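J.: Sharing entry_7.cif, mmCIF, C-alpha atoms and all ligand atoms:
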data_model
#
loop_
_atom_site.label_atom_id
_atom_site.label_comp_id
_atom_site.auth_asym_id
_atom_site.auth_seq_id
_atom_site.Cartn_x
_atom_site.Cartn_y
_atom_site.Cartn_z
CA MET A 415 42.69 67.56 -13.74
CA ASN A 416 42.99 65.03 -10.91
CA ILE A 417 39.95 63.03 -9.80
CA ALA A 418 40.15 61.01 -6.56
CA TYR A 419 38.08 57.82 -6.24
CA LEU A 420 37.86 54.65 -4.15
CA GLY A 421 40.30 52.27 -5.79
CA PRO A 422 42.14 50.24 -6.72
CA VAL A 423 41.44 50.12 -10.46
CA GLY A 424 38.43 47.97 -11.31
CA SER A 425 36.17 49.22 -8.48
CA PHE A 426 32.68 50.45 -9.26
CA SER A 427 33.87 53.90 -8.22
CA HIS A 428 36.54 53.59 -10.91
CA MET A 429 33.85 52.78 -13.49
CA ALA A 430 31.78 55.78 -12.41
CA ALA A 431 34.87 58.06 -12.43
CA LYS A 432 35.84 56.87 -15.94
CA ALA A 433 32.30 57.48 -17.17
CA ALA A 434 32.21 61.05 -15.82
CA PHE A 435 35.85 61.98 -16.51
CA PRO A 436 37.04 59.86 -19.46
CA ALA A 437 40.01 62.11 -20.28
CA GLU A 438 41.24 63.11 -16.82
CA ASN A 439 43.87 61.77 -14.45
CA LEU A 440 42.16 59.35 -12.03
CA LEU A 441 43.69 58.94 -8.58
CA ALA A 442 42.93 55.60 -6.84
CA LEU A 443 42.78 55.88 -3.04
CA GLY A 444 42.30 53.18 -0.41
CA THR A 445 39.19 54.22 1.50
CA ILE A 446 36.18 56.53 1.14
CA SER A 447 37.52 58.68 4.01
CA GLU A 448 40.83 59.07 2.19
CA VAL A 449 38.99 60.20 -0.94
CA ILE A 450 37.12 62.93 0.98
CA THR A 451 40.27 63.99 2.86
CA ALA A 452 42.24 64.20 -0.41
CA TYR A 453 39.61 66.60 -1.72
CA ASP A 454 39.62 68.67 1.50
CA LYS A 455 43.42 68.94 1.33
CA LYS A 456 43.14 70.10 -2.30
CA LEU A 457 45.12 67.10 -3.56
CA CYS A 458 42.58 66.69 -6.36
CA ASP A 459 40.13 68.85 -8.34
CA PHE A 460 37.14 66.54 -7.90
CA ALA A 461 36.44 63.51 -5.70
CA LEU A 462 33.89 60.80 -6.40
CA ILE A 463 32.23 58.88 -3.55
CA PRO A 464 29.48 56.20 -3.46
CA ILE A 465 26.44 57.51 -1.60
CA GLU A 466 23.50 55.14 -1.94
CA ASN A 467 22.60 51.78 -3.46
CA SER A 468 19.13 50.74 -4.56
CA ILE A 469 19.30 47.42 -2.66
CA GLU A 470 21.34 48.25 0.42
CA GLY A 471 20.67 51.95 0.94
CA THR A 472 23.00 54.68 2.13
CA VAL A 473 26.77 54.25 2.24
CA ASN A 474 26.96 55.43 5.86
CA LEU A 475 30.71 55.99 5.89
CA ALA A 476 30.43 58.39 2.95
CA ILE A 477 27.51 60.43 4.35
CA ASP A 478 28.94 60.51 7.87
CA THR A 479 32.44 61.55 6.78
CA LEU A 480 31.03 64.23 4.54
CA PHE A 481 28.78 65.61 7.29
CA HIS A 482 31.09 65.34 10.30
CA LYS A 483 34.54 65.90 8.83
CA SER A 484 34.25 67.90 5.62
CA ARG A 485 32.72 71.05 4.18
CA ALA A 486 32.96 69.79 0.58
CA LYS A 487 30.11 70.58 -1.82
CA VAL A 488 28.35 68.12 -4.10
CA VAL A 489 28.57 69.39 -7.69
CA ALA A 490 27.21 66.39 -9.63
CA GLU A 491 25.71 62.95 -9.20
CA VAL A 492 26.37 59.88 -11.34
CA VAL A 493 24.06 56.84 -11.25
CA LEU A 494 25.75 53.59 -12.27
CA SER A 495 24.11 50.24 -12.94
CA ILE A 496 25.78 47.60 -10.74
CA SER A 497 26.33 43.97 -11.71
CA GLN A 498 28.07 41.80 -9.11
CA ASN A 499 30.05 38.63 -9.89
CA VAL A 500 31.77 35.90 -7.90
CA LEU A 501 35.45 35.87 -8.93
CA VAL A 502 37.94 33.08 -8.13
CA THR A 503 41.41 31.84 -9.08
CA SER A 504 40.18 28.26 -9.53
CA LYS A 505 36.64 27.09 -10.27
CA THR A 506 37.19 23.60 -8.84
CA ARG A 507 37.72 24.39 -5.12
CA GLU A 508 34.98 24.73 -2.52
CA ILE A 509 35.07 28.39 -1.45
CA GLU A 510 36.14 29.00 2.17
CA LYS A 511 36.06 32.80 2.32
CA ILE A 512 34.33 35.45 0.23
CA TYR A 513 35.80 38.97 0.28
CA SER A 514 34.15 42.24 -0.70
CA HIS A 515 33.00 45.71 0.23
CA PRO A 516 30.09 45.56 2.75
CA GLN A 517 27.72 47.10 0.19
CA ALA A 518 28.53 44.38 -2.36
CA LEU A 519 28.18 41.57 0.22
CA ALA A 520 24.81 43.01 1.24
CA GLN A 521 23.63 43.25 -2.38
CA THR A 522 24.41 39.52 -2.90
CA ARG A 523 23.59 38.20 0.60
CA ASN A 524 20.85 35.71 -0.41
CA PHE A 525 22.76 34.38 -3.39
CA LEU A 526 25.93 33.82 -1.34
CA MET A 527 24.06 32.16 1.55
CA LYS A 528 22.22 29.82 -0.82
CA ASN A 529 25.17 28.86 -3.01
CA TYR A 530 28.15 29.00 -0.64
CA PRO A 531 26.64 28.35 2.84
CA GLN A 532 30.01 27.12 4.13
CA ALA A 533 31.88 30.31 3.18
CA LYS A 534 32.84 33.02 5.68
CA LEU A 535 32.21 36.58 4.50
CA GLU A 536 35.11 39.01 4.91
CA ILE A 537 34.98 42.78 4.51
CA THR A 538 37.38 44.81 2.35
CA ASP A 539 37.63 48.54 1.55
CA SER A 540 36.33 48.03 -2.00
CA THR A 541 35.24 45.29 -4.37
CA ALA A 542 38.42 45.76 -6.42
CA SER A 543 40.66 45.46 -3.37
CA ALA A 544 38.85 42.15 -2.69
CA ALA A 545 39.65 41.00 -6.25
CA GLU A 546 43.28 42.07 -5.83
CA PHE A 547 43.48 40.21 -2.50
CA VAL A 548 42.08 37.01 -4.00
CA LYS A 549 44.57 37.29 -6.88
CA ASN A 550 47.42 37.70 -4.38
CA HIS A 551 46.30 34.56 -2.49
CA ALA A 552 45.85 32.36 -5.54
CA ASP A 553 46.49 29.11 -3.62
CA GLU A 554 43.68 29.73 -1.13
CA ALA A 555 40.01 28.81 -1.64
CA PHE A 556 39.00 32.48 -1.68
CA ALA A 557 36.47 34.38 -3.80
CA ALA A 558 35.72 38.08 -4.35
CA VAL A 559 32.43 39.76 -5.15
CA ALA A 560 33.29 42.43 -7.70
CA ASN A 561 32.55 43.69 -11.17
CA TYR A 562 33.40 42.04 -14.47
CA GLU A 563 36.17 44.49 -15.26
CA ALA A 564 37.94 43.53 -12.02
CA ALA A 565 38.02 39.91 -13.25
CA GLU A 566 39.91 41.02 -16.34
CA ILE A 567 42.23 43.43 -14.53
CA TYR A 568 43.22 40.93 -11.80
CA GLY A 569 43.16 37.84 -14.03
CA LEU A 570 40.36 36.08 -12.13
CA GLU A 571 37.77 33.62 -13.38
CA VAL A 572 34.06 34.43 -13.21
CA LEU A 573 32.43 31.62 -11.21
CA ALA A 574 28.95 33.22 -11.20
CA GLU A 575 27.76 36.38 -12.90
CA ASN A 576 25.14 39.05 -12.25
CA VAL A 577 24.45 37.63 -8.77
CA GLN A 578 22.94 40.63 -6.93
CA ASP A 579 19.69 39.69 -5.16
CA VAL A 580 17.67 42.25 -7.12
CA LYS A 581 18.66 42.31 -10.78
CA ASP A 582 18.02 46.02 -11.32
CA ASN A 583 20.79 47.34 -9.06
CA ASN A 584 22.01 50.96 -9.12
CA THR A 585 24.39 53.05 -7.06
CA ARG A 586 24.47 56.85 -6.76
CA PHE A 587 27.89 58.50 -6.63
CA TRP A 588 28.44 62.11 -5.62
CA ILE A 589 31.14 64.24 -7.19
CA LEU A 590 32.66 66.76 -4.77
CA GLY A 591 34.14 69.91 -6.24
CA GLU A 592 34.08 73.70 -6.40
CA VAL A 593 32.19 74.02 -9.67
CA ALA A 594 29.98 71.69 -11.67
CA PRO A 595 32.14 69.48 -13.89
CA LYS A 596 31.55 69.34 -17.65
CA VAL A 597 29.91 65.95 -18.11
CA ASP A 598 28.83 66.26 -21.76
CA ASN A 599 29.14 62.55 -22.50
CA LEU A 600 26.48 61.38 -20.02
CA LEU A 601 22.72 61.65 -20.12
CA GLU A 602 21.33 64.25 -17.68
CA LEU A 603 18.41 62.80 -15.70
CA GLU A 604 17.36 65.63 -13.38
CA LYS A 605 18.55 68.45 -11.11
CA LYS A 606 18.58 68.01 -7.36
CA VAL A 607 19.34 69.84 -4.13
CA SER A 608 20.65 68.00 -1.06
CA LEU A 609 20.51 69.39 2.48
CA ALA A 610 21.60 68.26 5.93
CA LEU A 611 19.24 69.48 8.65
CA THR A 612 19.83 69.62 12.39
CA LEU A 613 16.66 70.27 14.37
CA PRO A 614 16.34 72.62 17.35
CA GLU A 615 15.86 71.01 20.74
CA ASN A 616 12.60 71.59 22.61
CA LEU A 617 10.52 72.13 19.48
CA PRO A 618 7.70 69.59 19.56
CA GLY A 619 7.05 68.12 16.11
CA ALA A 620 10.33 69.64 14.87
CA LEU A 621 10.80 67.17 12.00
CA HIS A 622 7.17 67.52 10.94
CA LYS A 623 7.48 71.32 10.95
CA ALA A 624 10.79 71.19 9.07
CA ILE A 625 9.58 69.01 6.22
CA SER A 626 6.25 70.82 5.97
CA VAL A 627 8.16 73.82 4.51
CA PHE A 628 8.70 71.68 1.40
CA ALA A 629 5.31 69.93 1.45
CA TRP A 630 3.06 73.01 1.43
CA ARG A 631 5.12 74.60 -1.36
CA GLY A 632 4.80 71.46 -3.50
CA ILE A 633 8.58 70.85 -3.48
CA ASP A 634 9.28 67.20 -4.31
CA MET A 635 11.34 65.44 -1.62
CA THR A 636 12.99 62.28 -2.99
CA LYS A 637 14.82 61.12 0.12
CA ILE A 638 14.97 61.66 3.86
CA GLU A 639 17.30 59.75 6.10
CA SER A 640 18.45 60.20 9.68
CA ARG A 641 22.02 59.56 10.81
CA PRO A 642 23.42 59.86 14.33
CA LEU A 643 24.86 63.24 15.30
CA LYS A 644 27.44 61.23 17.30
CA THR A 645 26.66 63.33 20.39
CA ILE A 646 24.23 61.37 22.57
CA LEU A 647 21.90 58.48 21.83
CA GLY A 648 18.77 59.69 20.02
CA GLU A 649 20.21 62.83 18.39
CA TYR A 650 20.28 62.90 14.62
CA PHE A 651 20.90 64.95 11.53
CA PHE A 652 18.65 64.49 8.49
CA ILE A 653 19.79 64.17 4.89
CA ILE A 654 17.12 65.48 2.53
CA ASP A 655 17.16 65.31 -1.27
CA LEU A 656 14.82 67.59 -3.23
CA VAL A 657 14.02 67.91 -6.90
CA ALA A 658 15.47 71.35 -7.82
CA ASP A 659 12.80 74.04 -7.59
CA GLU A 660 13.06 77.84 -7.39
CA LYS A 661 10.77 77.77 -4.31
CA ILE A 662 13.52 76.07 -2.27
CA VAL A 663 15.09 79.45 -1.31
CA TYR A 664 11.86 80.44 0.43
CA ALA A 665 11.66 77.06 2.17
CA LEU A 666 15.20 77.63 3.47
CA GLU A 667 14.19 81.02 4.88
CA GLU A 668 11.29 79.38 6.69
CA LEU A 669 13.58 76.66 8.08
CA GLN A 670 15.86 79.37 9.45
CA SER A 671 12.95 81.07 11.20
CA LEU A 672 12.05 77.70 12.80
CA GLY A 673 15.57 77.49 14.23
CA VAL A 674 16.55 74.56 11.99
CA THR A 675 20.26 74.48 11.09
CA VAL A 676 20.60 73.86 7.37
CA ARG A 677 23.73 72.89 5.49
CA LEU A 678 23.46 72.98 1.72
CA LEU A 679 25.30 69.85 0.61
CA GLY A 680 24.86 70.67 -3.04
CA ASN A 681 22.77 71.86 -5.93
CA TYR A 682 23.64 69.58 -8.84
CA ASN A 683 22.77 67.72 -12.02
CA VAL A 684 22.20 63.95 -11.91
CA TYR A 685 23.69 61.89 -14.79
CA GLU A 686 23.26 58.30 -15.88
CA ALA A 687 26.59 56.51 -16.42
O1 LIG B 701 33.78 48.74 -3.79
C1 LIG B 701 33.58 49.36 -4.85
O2 LIG B 701 33.82 48.90 -5.96
C2 LIG B 701 33.00 50.70 -4.74
O3 LIG B 701 33.20 51.49 -5.62
C3 LIG B 701 32.13 50.99 -3.54
C4 LIG B 701 30.68 50.59 -3.73
C5 LIG B 701 29.78 51.20 -2.59
O4 LIG B 701 30.29 51.65 -1.59
O5 LIG B 701 28.54 51.15 -2.74
C6 LIG B 701 30.17 51.13 -5.01
C7 LIG B 701 29.22 50.49 -5.73
C8 LIG B 701 28.64 49.20 -5.31
O6 LIG B 701 27.39 49.50 -4.69
C9 LIG B 701 29.49 48.50 -4.32
C10 LIG B 701 30.50 49.13 -3.66
#
Transcribe the structure of this file into structure tokens.
Ligand SMILES: O=C(O)C(=O)C[C@]1(C(=O)O)C=C[C@@H](O)C=C1
T.:
Amino acid sequence: MNIAYLGPVGSFSHMAAKAAFPAENLLALGTISEVITAYDKKLCDFALIPIENSIEGTVNLAIDTLFHKSRAKVVAEVVLSISQNVLVTSKTREIEKIYSHPQALAQTRNFLMKNYPQAKLEITDSTASAAEFVKNHADEAFAAVANYEAAEIYGLEVLAENVQDVKDNNTRFWILGEVAPKVDNLLELEKKVSLALTLPENLPGALHKAISVFAWRGIDMTKIESRPLKTILGEYFFIIDLVADEKIVYALEELQSLGVTVRLLGNYNVYEA
């Protein structure tokens, strides 16, 4: 089986993909959009994308691409503990530029500002591509924020370790596929259902009415987030995560009668990597 993920090797997505699919063929792609497109074009059996981090929140590019450009279904979630490190080619130079994925720079913002106030922050498509870039510019005073494995893979030195601003740092990854993958090696944490709701116009209190269908049935909502519909300013869709519950089917019927458009993103098991 082929599993697409945000590469290159040594990214956190790579770690999550290895944890969920230790014996499968892993396909490193350059961007999150490319990973989703590869799945949509059936170039892989499963695709793994980062969705949300405990410090920095939703990975907007992933949610937006999934909602606006794809019909892919979420068939599993993997939660990975994230430890960020500052990687360099030489420990003796004053760092001029620090490269990383925006999520990783955000997770280490305070540490970087305090310890390298002179350094410019530069965005890359992944933490591992930052490490690769720093390796390929070994004569420059550059650093990458990336994981420990990337230091080994790209032959970089670890200048500072475990530098995220909140020590307990976790990222959720969604696995896109047609059927739930066999993930026997990981601990199952819970079962969830994720929905994307679009509210009808001209319905006062539409969001209140929509989420009340879960509240009065005692269905546990673990996340709600709005993202722009990309139509006009002030129009949104809502991502809702629920703890799996057999009453959800009735809640969906009620949403339909309210005129709420519901897309079932997935009904899946959550695993700890
Ligand atoms: O850049 C990587 O290594 C990724 O796999 C992406 C990503 C993300 O988008 O959140 C994954 C986990 C970490 O939170 C930082 C970056």
J.: In the coordinates of the file, take the point (41.9, 48.1, -9.3) and a cut-off of 10 Å; then, counting only C-alpha atoms, name each qualifying protein, DNA or RNA residue as a list in words.
T.: Leu420, Gly421, Pro422, Val423, Gly424, Ser425, Phe426, Ser427, His428, Ala442, Ser540, Thr541, Ala542, Ser543, Ala544, Ala545, Glu546, Glu563, Ala564, Ala565, Ile567 and Tyr568 of chain A
J.: Hey, which of A:Tyr562, A:Tyr530, A:Phe587, A:Phe525 ends up closest to ligand LIG 701 (chain B)? Count only C-alpha atoms and all ligand atoms.
T.: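 Ranked by minimum distance to ligand LIG 701 (chain B), first place goes to A:Phe587.
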J.: Find, counting all atoms listed in the file, the residue in A:Ala518, A:Leu457, A:Met429, A:Met527 that gets nearest to ligand LIG 701 (chain B).
T.: A:Ala518
J.: Would you please work out which residue, of A:Val684, A:Ala520, A:Val676, A:Ala533, is nearest to ligand LIG 701 (chain B) when using all atoms listed in the file?
T.: A:Ala520
J.: Pick the closest to Asp539 of chain A from A:Glu470, A:Glu448, A:Glu592, A:Asp579: which is it, counting all atoms listed in the file?
T.: A:Glu448
J.: I'd like to know which of A:Thr479, A:Asn529, A:Asn467, A:Ser497 is closest to ligand LIG 701 (chain B), using all atoms listed in the file.
T.: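 Counting all atoms listed in the file, the residue closest to ligand LIG 701 (chain B) is A:Asn467.
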J.: Near Gln521 of chain A, within 12 Å and counting only C-alpha atoms, which residues show up once chain neighbours fewer than 5 positions away are dropped, as a tab-separated table (two decimals) with C-alpha atoms, keeping the file's coordinate frame?
T.:
chain	number	residue	atom	x	y	z
A	466	GLU	CA	23.50	55.14	-1.94
A	467	ASN	CA	22.60	51.78	-3.46
A	468	SER	CA	19.13	50.74	-4.56
A	469	ILE	CA	19.30	47.42	-2.66
A	470	GLU	CA	21.34	48.25	0.42
A	471	GLY	CA	20.67	51.95	0.94
A	496	ILE	CA	25.78	47.60	-10.74
A	497	SER	CA	26.33	43.97	-11.71
A	498	GLN	CA	28.07	41.80	-9.11
A	499	ASN	CA	30.05	38.63	-9.89
A	514	SER	CA	34.15	42.24	-0.70
A	515	HIS	CA	33.00	45.71	0.23
A	516	PRO	CA	30.09	45.56	2.75
A	526	LEU	CA	25.93	33.82	-1.34
A	527	MET	CA	24.06	32.16	1.55
A	541	THR	CA	35.24	45.29	-4.37
A	559	VAL	CA	32.43	39.76	-5.15
A	560	ALA	CA	33.29	42.43	-7.70
A	576	ASN	CA	25.14	39.05	-12.25
A	577	VAL	CA	24.45	37.63	-8.77
A	578	GLN	CA	22.94	40.63	-6.93
A	579	ASP	CA	19.69	39.69	-5.16
A	580	VAL	CA	17.67	42.25	-7.12
A	581	LYS	CA	18.66	42.31	-10.78
A	582	ASP	CA	18.02	46.02	-11.32
A	583	ASN	CA	20.79	47.34	-9.06
A	584	ASN	CA	22.01	50.96	-9.12
A	585	THR	CA	24.39	53.05	-7.06
J.: Work out how far atom CA of Lys549 of chain A is from atom CA of Thr503 of chain A, in Å to one decimal.
T.: 6.7 Å
J.: Considering all atoms listed in the file, can you say which of A:Ala687, A:Ala433, A:Ala452, A:Leu475 comes closest to ligand LIG 701 (chain B)?
T.: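 Using all atoms listed in the file, the shortest distance to ligand LIG 701 (chain B) belongs to A:Leu475.
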J.: Hey, can you check how far atom CA of Ile654 of chain A sits from atom CA of Asp459 of chain A?
T.: 25.7 Å
J.: Go ahead and fit an axis-aligned box to every listed atom of segment 577-580 of chain A plus 3 Å each side, and pass me the centre and edge lengths in Å, one decimal, as AutoDock Vina command-line options.
T.:
--center_x 21.1 --center_y 39.9 --center_z -7.0 --size_x 12.8 --size_y 10.6 --size_z 9.6
J.: Could segment 543-554 of chain A be completed with N, CA and C atoms and written as a tab-separated table (two decimals), in the coordinates of the input, please?
T.:
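Listing of result.tsv after writing:
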chain	number	residue	atom	x	y	z
A	543	SER	N	39.58	45.90	-4.27
A	543	SER	CA	40.66	45.46	-3.37
A	543	SER	C	40.41	44.01	-2.97
A	544	ALA	N	39.15	43.57	-2.94
A	544	ALA	CA	38.85	42.15	-2.69
A	544	ALA	C	39.40	41.29	-3.84
A	545	ALA	N	39.17	41.75	-5.07
A	545	ALA	CA	39.65	41.00	-6.25
A	545	ALA	C	41.18	40.93	-6.23
A	546	GLU	N	41.81	42.04	-5.88
A	546	GLU	CA	43.28	42.07	-5.83
A	546	GLU	C	43.80	41.11	-4.75
A	547	PHE	N	43.09	41.10	-3.60
A	547	PHE	CA	43.48	40.21	-2.50
A	547	PHE	C	43.38	38.74	-2.91
A	548	VAL	N	42.28	38.41	-3.57
A	548	VAL	CA	42.08	37.01	-4.00
A	548	VAL	C	43.17	36.62	-5.00
A	549	LYS	N	43.50	37.54	-5.91
A	549	LYS	CA	44.57	37.29	-6.88
A	549	LYS	C	45.90	37.03	-6.17
A	550	ASN	N	46.15	37.83	-5.10
A	550	ASN	CA	47.42	37.70	-4.38
A	550	ASN	C	47.46	36.49	-3.45
A	551	HIS	N	46.34	35.78	-3.31
A	551	HIS	CA	46.30	34.56	-2.49
A	551	HIS	C	45.74	33.43	-3.35
A	552	ALA	N	46.38	33.26	-4.50
A	552	ALA	CA	45.85	32.36	-5.54
A	552	ALA	C	45.75	30.90	-5.08
A	553	ASP	N	46.54	30.51	-4.06
A	553	ASP	CA	46.49	29.11	-3.62
A	553	ASP	C	45.38	28.84	-2.62
A	554	GLU	N	44.73	29.90	-2.14
A	554	GLU	CA	43.68	29.73	-1.13
A	554	GLU	C	42.31	29.59	-1.83
